[in-house]
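Undergrad: To be precise about what I am sending: the file is called upload00.txt and holds compact mmCIF, C-alpha atoms.
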```txt
# COMPACT_ATOMS: atom_id res chain seq x y z
CA MET H 28 -145.24 -3.55 91.09
CA GLU H 29 -143.65 -1.62 88.20
CA ASN H 30 -140.44 -3.13 86.79
CA SER H 31 -139.03 0.11 85.39
CA PHE H 32 -138.94 3.77 86.32
CA THR H 33 -137.88 6.71 84.13
CA MET H 34 -137.12 10.24 85.26
CA ARG H 35 -135.13 13.23 84.13
CA LYS H 36 -131.46 12.78 84.90
CA PRO H 37 -130.76 14.17 88.39
CA TYR H 38 -128.57 17.02 89.52
CA ASP H 39 -126.39 16.53 92.59
CA MET H 40 -126.46 19.90 94.30
CA HIS H 41 -123.66 19.12 96.75
CA MET H 42 -120.65 17.02 95.73
CA HIS H 43 -116.99 16.78 96.65
CA LEU H 44 -114.94 15.81 93.62
CA ARG H 45 -111.58 15.96 95.41
CA GLN H 46 -108.23 16.29 93.63
CA GLY H 47 -105.50 14.25 91.97
CA GLU H 48 -106.27 10.61 91.15
CA LEU H 49 -109.56 10.71 93.07
CA LEU H 50 -110.89 13.43 90.77
CA ALA H 51 -111.05 11.02 87.84
CA THR H 52 -112.94 8.51 90.00
CA THR H 53 -115.49 10.99 91.29
CA VAL H 54 -116.20 12.62 87.93
CA ARG H 55 -116.65 9.17 86.38
CA ASP H 56 -119.02 7.98 89.11
CA GLN H 57 -121.02 11.22 89.33
CA SER H 58 -121.43 11.36 85.55
CA LYS H 59 -122.97 7.89 85.40
CA TRP H 60 -125.98 8.92 87.45
CA PHE H 61 -126.10 12.73 87.37
CA CYS H 62 -126.17 15.30 84.58
CA GLY H 63 -124.22 17.76 86.73
CA GLY H 64 -124.24 19.54 90.04
CA LEU H 65 -122.64 21.86 92.57
CA VAL H 66 -118.91 21.36 93.14
CA MET H 67 -117.60 22.07 96.63
CA PRO H 68 -114.46 24.26 97.01
CA ASN H 69 -112.72 22.81 100.11
CA THR H 70 -109.69 21.59 98.21
CA ILE H 71 -106.05 22.20 99.16
CA PRO H 72 -105.43 25.02 98.42
CA PRO H 73 -109.07 26.13 98.52
CA VAL H 74 -110.99 27.38 95.50
CA SER H 75 -110.89 30.98 96.70
CA THR H 76 -109.33 32.85 93.75
CA PRO H 77 -110.48 33.16 90.13
CA GLU H 78 -107.32 31.41 88.96
CA ARG H 79 -107.96 28.34 91.13
CA LEU H 80 -111.60 28.24 90.14
CA THR H 81 -110.75 28.36 86.44
CA ASP H 82 -108.10 25.67 86.85
CA TYR H 83 -110.38 23.33 88.85
CA ALA H 84 -113.28 23.77 86.44
CA GLY H 85 -110.91 23.03 83.57
CA GLN H 86 -109.71 19.80 85.17
CA ILE H 87 -113.28 18.60 85.58
CA ARG H 88 -114.25 19.65 82.07
CA LYS H 89 -111.27 17.80 80.64
CA LEU H 90 -112.46 14.57 82.29
CA ASN H 91 -116.06 15.00 81.08
CA PRO H 92 -116.98 18.07 79.00
CA ASP H 93 -120.69 17.14 79.13
CA PHE H 94 -120.92 17.17 82.93
CA ARG H 95 -122.68 20.41 83.92
CA THR H 96 -120.71 21.85 86.80
CA VAL H 97 -121.93 24.65 89.02
CA MET H 98 -118.77 26.09 90.54
CA SER H 99 -118.49 27.49 94.05
CA PHE H 100 -115.77 29.35 95.90
CA LYS H 101 -114.74 29.21 99.52
CA LEU H 102 -115.60 32.27 101.59
CA LEU H 103 -112.61 33.37 103.66
CA PRO H 104 -112.52 35.91 106.51
CA GLY H 105 -112.01 39.43 105.22
CA MET H 106 -112.62 38.50 101.57
CA LYS H 107 -112.83 41.66 99.49
CA SER H 108 -115.66 42.66 97.20
CA SER H 109 -113.27 42.84 94.26
CA VAL H 110 -112.26 39.19 94.74
CA VAL H 111 -115.89 38.05 94.85
CA ARG H 112 -116.60 39.95 91.64
CA LYS H 113 -113.62 38.37 89.89
CA LEU H 114 -114.72 34.92 91.06
CA HIS H 115 -118.20 35.62 89.70
CA ASP H 116 -116.73 36.72 86.38
CA ALA H 117 -114.63 33.52 86.31
CA GLY H 118 -117.81 31.42 86.55
CA ALA H 119 -118.61 31.02 90.26
CA ALA H 120 -122.33 30.96 91.00
CA VAL H 121 -122.11 30.02 94.69
CA GLY H 122 -120.13 31.07 97.74
CA LYS H 123 -119.61 28.38 100.37
CA LEU H 124 -119.40 29.24 104.06
CA TYR H 125 -117.48 26.75 106.19
CA PRO H 126 -117.35 27.52 109.90
CA ALA H 127 -113.72 27.29 110.97
CA GLY H 128 -112.88 23.70 111.93
CA ALA H 129 -116.33 22.28 111.17
CA THR H 130 -115.30 19.68 108.59
CA THR H 131 -112.61 18.54 106.14
CA ASN H 132 -110.17 21.31 105.15
CA SER H 133 -112.09 24.03 106.98
CA GLU H 134 -109.46 25.25 109.44
CA ASP H 135 -109.23 28.52 107.47
CA GLY H 136 -113.00 28.98 107.57
CA VAL H 137 -115.27 31.62 109.05
CA LYS H 138 -115.60 32.14 112.80
CA THR H 139 -118.47 34.59 112.49
CA TRP H 140 -120.48 35.83 109.52
CA HIS H 141 -119.53 39.39 110.48
CA ASN H 142 -116.07 38.62 109.06
CA ILE H 143 -117.55 38.14 105.57
CA LYS H 144 -120.18 40.90 105.53
CA ILE H 145 -118.63 42.64 102.54
CA ALA H 146 -118.40 39.40 100.56
CA LEU H 147 -122.01 38.50 101.34
CA ALA H 148 -123.23 41.94 100.33
CA THR H 149 -121.39 41.62 97.02
CA MET H 150 -122.83 38.16 96.43
CA CYS H 151 -126.29 39.57 97.02
CA ASP H 152 -125.67 42.38 94.51
CA LEU H 153 -124.49 39.83 91.92
CA GLY H 154 -127.40 37.43 92.45
CA MET H 155 -125.13 34.66 93.74
CA ILE H 156 -126.22 31.91 96.13
CA LEU H 157 -124.86 31.26 99.61
CA SER H 158 -124.30 27.64 100.62
CA ILE H 159 -123.60 26.96 104.31
CA HIS H 160 -122.19 24.01 106.23
CA CYS H 161 -124.38 24.71 109.25
CA GLU H 162 -122.49 23.53 112.32
CA ARG H 163 -120.98 25.28 115.31
CA PRO H 164 -117.72 23.40 115.90
CA ASP H 165 -117.42 24.23 119.61
CA ALA H 166 -120.84 22.73 120.47
CA TYR H 167 -121.60 19.15 121.53
CA CYS H 168 -121.33 16.97 118.41
CA LEU H 169 -125.04 16.05 118.22
CA ASP H 170 -126.13 19.66 118.74
CA ARG H 171 -123.69 21.42 116.42
CA GLU H 172 -126.22 21.86 113.64
CA TYR H 173 -128.98 23.11 115.94
CA LYS H 174 -126.58 25.50 117.67
CA TYR H 175 -125.82 27.11 114.32
CA HIS H 176 -129.46 28.15 113.84
CA SER H 177 -128.96 31.58 115.42
CA GLU H 178 -126.08 32.34 113.03
CA PHE H 179 -128.17 31.16 110.08
CA ARG H 180 -131.10 33.36 111.10
CA ALA H 181 -128.80 36.35 111.54
CA ILE H 182 -127.38 35.99 108.02
CA ALA H 183 -130.86 35.56 106.52
CA LYS H 184 -132.11 38.65 108.38
CA ALA H 185 -129.13 40.77 107.31
CA PHE H 186 -129.49 39.74 103.65
CA PRO H 187 -133.20 39.11 103.02
CA ASP H 188 -132.74 39.00 99.23
CA LEU H 189 -129.90 36.48 99.30
CA LYS H 190 -130.68 32.90 98.32
CA ILE H 191 -129.30 30.62 101.05
CA VAL H 192 -129.01 26.85 101.19
CA PHE H 193 -128.88 25.01 104.53
CA GLU H 194 -126.68 22.09 103.48
CA HIS H 195 -127.04 18.39 104.37
CA ILE H 196 -129.79 18.68 106.98
CA SER H 197 -129.33 16.13 109.77
CA ASP H 198 -131.57 17.45 112.59
CA ARG H 199 -135.38 17.52 112.66
CA ARG H 200 -135.25 21.06 114.07
CA SER H 201 -133.46 22.23 110.93
CA ILE H 202 -136.35 20.96 108.80
CA ASP H 203 -138.67 23.19 110.78
CA LEU H 204 -136.28 26.13 110.51
CA VAL H 205 -135.96 25.97 106.72
CA ASP H 206 -139.65 25.28 106.19
CA GLY H 207 -140.62 28.29 108.26
CA MET H 208 -138.45 30.79 106.38
CA GLY H 209 -138.96 32.59 103.07
CA GLU H 210 -138.83 31.20 99.56
CA ASN H 211 -135.18 32.29 99.24
CA ILE H 212 -134.22 29.65 101.83
CA ALA H 213 -133.83 25.97 100.92
CA GLY H 214 -132.16 22.87 102.30
CA THR H 215 -130.35 19.89 100.81
CA ILE H 216 -130.87 16.32 101.97
CA THR H 217 -128.36 13.51 101.52
CA ALA H 218 -128.85 9.81 100.89
CA HIS H 219 -126.98 8.91 104.07
CA HIS H 220 -129.10 11.15 106.31
CA LEU H 221 -132.19 9.49 104.82
CA LEU H 222 -130.83 5.98 105.36
CA LEU H 223 -128.62 5.94 108.45
CA THR H 224 -128.80 6.71 112.15
CA LEU H 225 -126.06 6.88 114.76
CA ASP H 226 -126.58 3.16 115.36
CA ASP H 227 -125.08 2.56 111.91
CA VAL H 228 -121.89 4.29 113.06
CA ILE H 229 -121.41 3.14 116.66
CA GLY H 230 -124.34 0.86 117.48
CA GLY H 231 -122.27 -2.30 117.06
CA ASN H 232 -118.69 -2.23 115.91
CA MET H 233 -117.40 1.18 114.89
CA ASN H 234 -118.03 1.77 111.17
CA PRO H 235 -115.86 4.73 110.08
CA HIS H 236 -117.26 4.57 106.53
CA ASN H 237 -120.62 5.79 107.91
CA PHE H 238 -119.00 8.71 109.74
CA CYS H 239 -119.80 12.10 108.26
CA LYS H 240 -120.17 15.76 109.20
CA PRO H 241 -122.78 16.53 110.37
CA VAL H 242 -123.11 13.13 111.98
CA VAL H 243 -126.22 11.08 111.32
CA LYS H 244 -128.50 11.27 114.33
CA THR H 245 -131.58 9.62 115.83
CA GLU H 246 -134.45 7.68 114.29
CA ARG H 247 -136.68 10.64 115.10
CA ASP H 248 -134.42 12.98 113.13
CA ARG H 249 -134.26 10.55 110.22
CA ALA H 250 -138.05 10.26 110.19
CA ALA H 251 -138.44 14.04 109.94
CA ILE H 252 -135.88 14.25 107.13
CA ARG H 253 -137.68 11.47 105.26
CA GLU H 254 -141.01 13.23 105.68
CA ALA H 255 -139.52 16.39 104.16
CA ALA H 256 -138.00 14.51 101.23
CA PHE H 257 -141.22 12.61 100.52
CA SER H 258 -143.47 15.65 100.97
CA GLY H 259 -143.05 17.28 97.57
CA ASN H 260 -142.03 20.52 99.29
CA LYS H 261 -139.76 22.32 96.79
CA LYS H 262 -137.69 23.85 99.61
CA PHE H 263 -136.01 20.46 100.10
CA PHE H 264 -133.97 18.77 97.39
CA PHE H 265 -131.18 16.29 96.89
CA GLY H 266 -127.51 17.06 97.51
CA SER H 267 -125.44 13.94 98.14
CA ASP H 268 -122.51 15.52 100.02
CA SER H 269 -120.67 12.58 98.44
CA ALA H 270 -117.19 12.91 99.92
CA PRO H 271 -114.69 10.09 99.39
CA HIS H 272 -111.83 9.29 101.74
CA LEU H 273 -109.44 6.46 100.94
CA ARG H 274 -110.11 3.28 102.90
CA ILE H 275 -106.64 3.37 104.43
CA LYS H 276 -107.41 6.80 105.90
CA LYS H 277 -110.95 5.95 106.99
CA GLU H 278 -109.67 2.89 108.88
CA SER H 279 -106.83 4.76 110.54
CA GLY H 280 -106.87 6.16 114.06
CA SER H 281 -108.30 9.46 112.82
CA ALA H 282 -111.07 8.94 110.27
CA GLY H 283 -112.17 11.96 108.29
CA GLY H 284 -115.87 12.81 108.04
CA GLY H 285 -117.37 11.94 104.68
CA ILE H 286 -119.41 9.23 102.93
CA TYR H 287 -118.95 8.25 99.30
CA SER H 288 -122.45 7.86 97.90
CA ALA H 289 -122.14 8.97 94.26
CA PRO H 290 -121.98 5.44 92.80
CA CYS H 291 -125.15 4.23 94.51
CA ALA H 292 -127.30 7.16 95.68
CA VAL H 293 -129.83 7.02 92.83
CA PRO H 294 -130.78 3.31 93.14
CA LEU H 295 -130.79 3.62 96.95
CA MET H 296 -133.16 6.60 96.74
CA ALA H 297 -135.42 4.79 94.27
CA GLU H 298 -135.62 1.84 96.64
CA LEU H 299 -136.36 4.04 99.66
CA PHE H 300 -138.99 6.17 97.92
CA GLU H 301 -140.70 3.06 96.56
CA GLN H 302 -140.68 1.46 100.01
CA TYR H 303 -142.68 4.43 101.32
CA GLY H 304 -145.05 4.52 98.35
CA CYS H 305 -143.83 7.79 96.90
CA LEU H 306 -141.65 6.86 93.94
CA ASP H 307 -143.61 9.48 92.00
CA LYS H 308 -141.98 12.16 94.20
CA LEU H 309 -138.40 11.10 93.42
CA GLU H 310 -138.00 13.04 90.16
CA ASN H 311 -138.90 16.38 91.70
CA PHE H 312 -136.67 15.73 94.72
CA MET H 313 -133.60 14.72 92.69
CA SER H 314 -134.07 16.30 89.26
CA VAL H 315 -136.30 19.38 89.47
CA PHE H 316 -136.38 21.29 92.77
CA GLY H 317 -132.59 21.70 93.02
CA PRO H 318 -131.91 23.10 89.57
CA GLU H 319 -134.99 25.32 89.79
CA PHE H 320 -133.74 26.90 93.02
CA TYR H 321 -130.32 27.45 91.44
CA GLY H 322 -131.81 28.85 88.24
CA LEU H 323 -130.61 25.95 86.09
CA PRO H 324 -132.48 24.28 83.25
CA VAL H 325 -133.98 20.95 84.24
CA SER H 326 -132.19 18.19 82.32
CA GLU H 327 -133.84 16.97 79.14
CA ASP H 328 -131.89 13.72 79.39
CA LYS H 329 -133.71 10.76 80.91
CA ILE H 330 -132.49 7.92 83.10
CA THR H 331 -134.32 4.61 83.34
CA LEU H 332 -133.99 2.25 86.27
CA VAL H 333 -135.14 -1.35 86.16
CA LYS H 334 -135.80 -4.08 88.71
CA ALA H 335 -132.62 -5.89 87.73
CA GLY H 336 -130.80 -5.81 91.04
CA PHE H 337 -127.53 -4.07 91.78
CA ARG H 338 -124.84 -5.07 94.25
CA ILE H 339 -122.98 -2.04 95.54
CA PRO H 340 -119.24 -2.71 95.19
CA ASP H 341 -117.23 -3.41 98.33
CA GLU H 342 -114.62 -0.90 97.24
CA ILE H 343 -114.15 1.56 94.38
CA ASP H 344 -110.63 2.75 93.59
CA GLY H 345 -109.59 2.47 97.24
CA VAL H 346 -112.80 4.00 98.65
CA VAL H 347 -115.60 2.11 100.45
CA PRO H 348 -118.95 3.45 99.18
CA LEU H 349 -122.18 3.92 101.12
CA MET H 350 -123.91 0.59 101.84
CA ALA H 351 -121.00 -1.38 100.41
CA GLY H 352 -121.99 -4.95 99.54
CA LYS H 353 -125.73 -4.24 99.77
CA ASN H 354 -128.05 -5.63 97.10
CA VAL H 355 -130.32 -2.85 95.81
CA SER H 356 -133.47 -3.72 93.89
CA TRP H 357 -133.14 -0.93 91.31
CA SER H 358 -130.40 -0.67 88.70
CA TYR H 359 -129.65 0.98 85.38
CA HIS H 360 -131.59 0.14 82.27
CA LYS H 361 -129.54 -2.59 80.58
CA GLY H 362 -128.49 -0.33 77.70
CA ILE H 363 -126.80 2.09 80.09
CA LEU H 364 -125.68 -0.65 82.45
CA LYS H 365 -123.58 -2.24 79.72
CA THR H 366 -121.35 0.84 79.63
CA ILE H 367 -120.74 0.61 83.35
CA MET H 368 -120.15 -3.10 83.30
CA GLU H 369 -117.30 -2.68 80.84
CA SER H 370 -115.28 -1.42 83.78
CA GLU H 371 -113.18 -4.19 85.29
CA LEU H 372 -114.03 -2.87 88.73
CA TYR H 373 -117.75 -3.37 88.26
CA LEU H 374 -117.28 -6.75 86.61
CA ARG H 375 -115.36 -7.84 89.67
CA ASN H 376 -117.61 -6.35 92.35
CA SER H 377 -121.16 -6.20 90.99
CA SER H 378 -123.64 -9.02 90.59
CA CYS H 379 -126.07 -7.13 88.32
```
Could the structure of this file be written out as structure tokens, please?
TA:
Amino acid sequence: MENSFTMRKPYDMHMHLRQGELLATTVRDQSKWFCGGLVMPNTIPPVSTPERLTDYAGQIRKLNPDFRTVMSFKLLPGMKSSVVRKLHDAGAAVGKLYPAGATTNSEDGVKTWHNIKIALATMCDLGMILSIHCERPDAYCLDREYKYHSEFRAIAKAFPDLKIVFEHISDRRSIDLVDGMGENIAGTITAHHLLLTLDDVIGGNMNPHNFCKPVVKTERDRAAIREAAFSGNKKFFFGSDSAPHLRIKKESGSAGGGIYSAPCAVPLMAELFEQYGCLDKLENFMSVFGPEFYGLPVSEDKITLVKAGFRIPDEIDGVVPLMAGKNVSWSYHKGILKTIMESELYLRNSSC
């Protein structure tokens, strides 16, 4: 068994960096493992104007000027072509469609794609990419993703030249949908949908830290998602959907959907891919297919993992991460690990 593994530094093509004090935490944790990625716009207020986009990008850049952000804006009903063009000129590469009420801060979202036809047509003209949280909020919770398929097909048919990403696939039927469509259609896969099933949320005691949107589903769904990730099919690539909520809010009577995976996704993925004998497929899945679809240069920076062991912290700045307390076989190369270990938090919580 190999004791080290080197690959090009990954991109995270779906991340929630949040606002305020949490922004510093997320940028720090994302930057340790990823060279950059796609920033989601469901802040309060949303990133839906060029001024907000410029301000948000500036805040991130100030925290880490080397982190390569791909900025997105939130599609709102009735959004004008002129606004989309100004957002594009301000640096937005992606428009994000949130069905109204589907997830965190989406109450102002889109009820039907017909309400954003003009915006989508403008995005297509500008060569922008459409990212969709594919759930129908009024459907049964385990069928919400599948019930959105008809809307997804309708958008793809209306705009055949538009690149579209089916985000955070959780249902085996969505794998088939994406795989059966044209090369302009792709799907992201998260660490938690590769690792968890509904049993990890409600199989024993309720675990709100494993609750996300779309919810993790059955073993059969997880198996299909794993097969897609391991397959080497370039239509499927990594997007963590890392979305922190403070522990105090997660353990309240109304837990928000979201799993914080940024601090541990890479070693967890290395462990999973090795377990299934396809560690050689990890680099393409995490570092190549995503940026290629988005038209980004693949990172020239390398990251080396070693069989040194890594204990995922129980808590990070008030947030419980994915698989908190778990011992993972893969960790940073010691030269990089030293930088992380200088943090008092990691000295206190990690047994590397």
Undergrad: Please identify all polymer residues within 9 Å of His115 of chain H, counting all atoms listed in the file, omitting same-chain residues fewer than 3 positions from it, and present them as a list in words.
TA: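 Residues near the query, excluding close chain neighbours: Pro77, Val110, Val111, Arg112, Gly118, Ala119, Ala120, Val121, Met150, Leu153 and Met155 of chain H.
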Undergrad: Which of these residues is nearest to Glu78 of chain H, using all atoms listed in the file: H:Leu114, H:Phe238, H:Tyr38, H:Phe94?
TA: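 Nearest to Glu78 of chain H: H:Leu114.
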Undergrad: Output as a tab-separated table one row per residue of segment 82-165 of chain H within 10 Å of segment 210-233 of chain H: the closest atom pair and its distance in Å to one decimal place, counting only C-alpha atoms, sorted by chain and residue number ascending.
TA:
```
residue	atom	partner	partner_atom	distance
H:Ile156	CA	H:Asn211	CA	9.5
H:Leu157	CA	H:Ile212	CA	9.8
H:Ser158	CA	H:Gly214	CA	9.3
H:Ile159	CA	H:Gly214	CA	9.7
```
Undergrad: Which protein, DNA or RNA residues have an atom at most 12 Å from (-111.5, 12.7, 90.6), counting only C-alpha atoms? List them as a compact mmCIF listing (two decimals) with C-alpha atoms, in the frame of the given file.
TA:
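Result went into point.txt, see below:
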```txt
# COMPACT_ATOMS: atom_id res chain seq x y z
CA MET H 42 -120.65 17.02 95.73
CA HIS H 43 -116.99 16.78 96.65
CA LEU H 44 -114.94 15.81 93.62
CA ARG H 45 -111.58 15.96 95.41
CA GLN H 46 -108.23 16.29 93.63
CA GLY H 47 -105.50 14.25 91.97
CA GLU H 48 -106.27 10.61 91.15
CA LEU H 49 -109.56 10.71 93.07
CA LEU H 50 -110.89 13.43 90.77
CA ALA H 51 -111.05 11.02 87.84
CA THR H 52 -112.94 8.51 90.00
CA THR H 53 -115.49 10.99 91.29
CA VAL H 54 -116.20 12.62 87.93
CA ARG H 55 -116.65 9.17 86.38
CA ASP H 56 -119.02 7.98 89.11
CA GLN H 57 -121.02 11.22 89.33
CA SER H 58 -121.43 11.36 85.55
CA VAL H 66 -118.91 21.36 93.14
CA THR H 70 -109.69 21.59 98.21
CA TYR H 83 -110.38 23.33 88.85
CA ALA H 84 -113.28 23.77 86.44
CA GLN H 86 -109.71 19.80 85.17
CA ILE H 87 -113.28 18.60 85.58
CA ARG H 88 -114.25 19.65 82.07
CA LYS H 89 -111.27 17.80 80.64
CA LEU H 90 -112.46 14.57 82.29
CA ASN H 91 -116.06 15.00 81.08
CA ALA H 270 -117.19 12.91 99.92
CA PRO H 271 -114.69 10.09 99.39
CA HIS H 272 -111.83 9.29 101.74
CA ALA H 289 -122.14 8.97 94.26
CA ASP H 344 -110.63 2.75 93.59
CA VAL H 346 -112.80 4.00 98.65
```
Undergrad: Looking at only C-alpha atoms, which of H:Tyr287, H:Phe100, H:Phe300, H:Tyr359 is the one that sits closest to Glu342 of chain H?
TA: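 Of all the options, H:Tyr287 lies closest to Glu342 of chain H.
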Undergrad: Take segment 198-221 of chain H from the block and save it with N, CA and C atoms, as a compact mmCIF listing (two decimals), in the first residue's frame.
TA:
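File out25.txt, as written:
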```txt
# COMPACT_ATOMS: atom_id res chain seq x y z
N ASP H 198 -29.67 11.64 -5.85
CA ASP H 198 -30.62 10.61 -6.27
C ASP H 198 -30.05 9.86 -7.47
N ARG H 199 -30.12 8.54 -7.45
CA ARG H 199 -29.56 7.73 -8.54
C ARG H 199 -30.18 8.08 -9.88
N ARG H 200 -31.43 8.53 -9.88
CA ARG H 200 -32.10 8.88 -11.13
C ARG H 200 -31.51 10.15 -11.75
N SER H 201 -30.93 10.99 -10.91
CA SER H 201 -30.29 12.21 -11.42
C SER H 201 -28.96 11.89 -12.11
N ILE H 202 -28.29 10.84 -11.64
CA ILE H 202 -27.08 10.38 -12.34
C ILE H 202 -27.43 9.98 -13.77
N ASP H 203 -28.49 9.23 -13.91
CA ASP H 203 -28.92 8.79 -15.25
C ASP H 203 -29.32 9.98 -16.11
N LEU H 204 -30.00 10.94 -15.51
CA LEU H 204 -30.45 12.12 -16.25
C LEU H 204 -29.26 12.89 -16.82
N VAL H 205 -28.30 13.22 -15.98
CA VAL H 205 -27.14 13.99 -16.41
C VAL H 205 -26.32 13.21 -17.44
N ASP H 206 -26.12 11.94 -17.18
CA ASP H 206 -25.30 11.12 -18.06
C ASP H 206 -25.92 10.99 -19.45
N GLY H 207 -27.23 11.06 -19.52
CA GLY H 207 -27.92 10.88 -20.79
C GLY H 207 -28.10 12.15 -21.60
N MET H 208 -27.64 13.28 -21.07
CA MET H 208 -27.80 14.56 -21.78
C MET H 208 -26.49 14.96 -22.46
N GLY H 209 -26.50 16.09 -23.14
CA GLY H 209 -25.36 16.52 -23.94
C GLY H 209 -24.14 16.91 -23.13
N GLU H 210 -23.06 17.22 -23.83
CA GLU H 210 -21.80 17.54 -23.17
C GLU H 210 -21.86 18.87 -22.42
N ASN H 211 -22.86 19.69 -22.69
CA ASN H 211 -23.01 20.96 -21.98
C ASN H 211 -23.67 20.78 -20.61
N ILE H 212 -24.02 19.55 -20.25
CA ILE H 212 -24.66 19.26 -18.97
C ILE H 212 -23.69 18.46 -18.09
N ALA H 213 -23.54 18.91 -16.84
CA ALA H 213 -22.66 18.22 -15.89
C ALA H 213 -23.33 18.21 -14.52
N GLY H 214 -22.73 17.46 -13.61
CA GLY H 214 -23.28 17.38 -12.26
C GLY H 214 -22.17 17.37 -11.22
N THR H 215 -22.42 18.05 -10.10
CA THR H 215 -21.45 18.00 -9.00
C THR H 215 -21.87 16.95 -7.98
N ILE H 216 -20.85 16.41 -7.31
CA ILE H 216 -21.06 15.39 -6.29
C ILE H 216 -20.32 15.83 -5.03
N THR H 217 -20.98 15.72 -3.90
CA THR H 217 -20.41 16.15 -2.62
C THR H 217 -19.77 14.99 -1.88
N ALA H 218 -18.95 15.34 -0.89
CA ALA H 218 -18.39 14.31 -0.01
C ALA H 218 -19.50 13.65 0.81
N HIS H 219 -20.43 14.44 1.32
CA HIS H 219 -21.45 13.85 2.20
C HIS H 219 -22.43 12.95 1.46
N HIS H 220 -22.71 13.22 0.19
CA HIS H 220 -23.58 12.32 -0.55
C HIS H 220 -22.85 11.03 -0.96
N LEU H 221 -21.53 11.07 -0.95
CA LEU H 221 -20.73 9.86 -1.20
C LEU H 221 -20.55 9.03 0.06
```
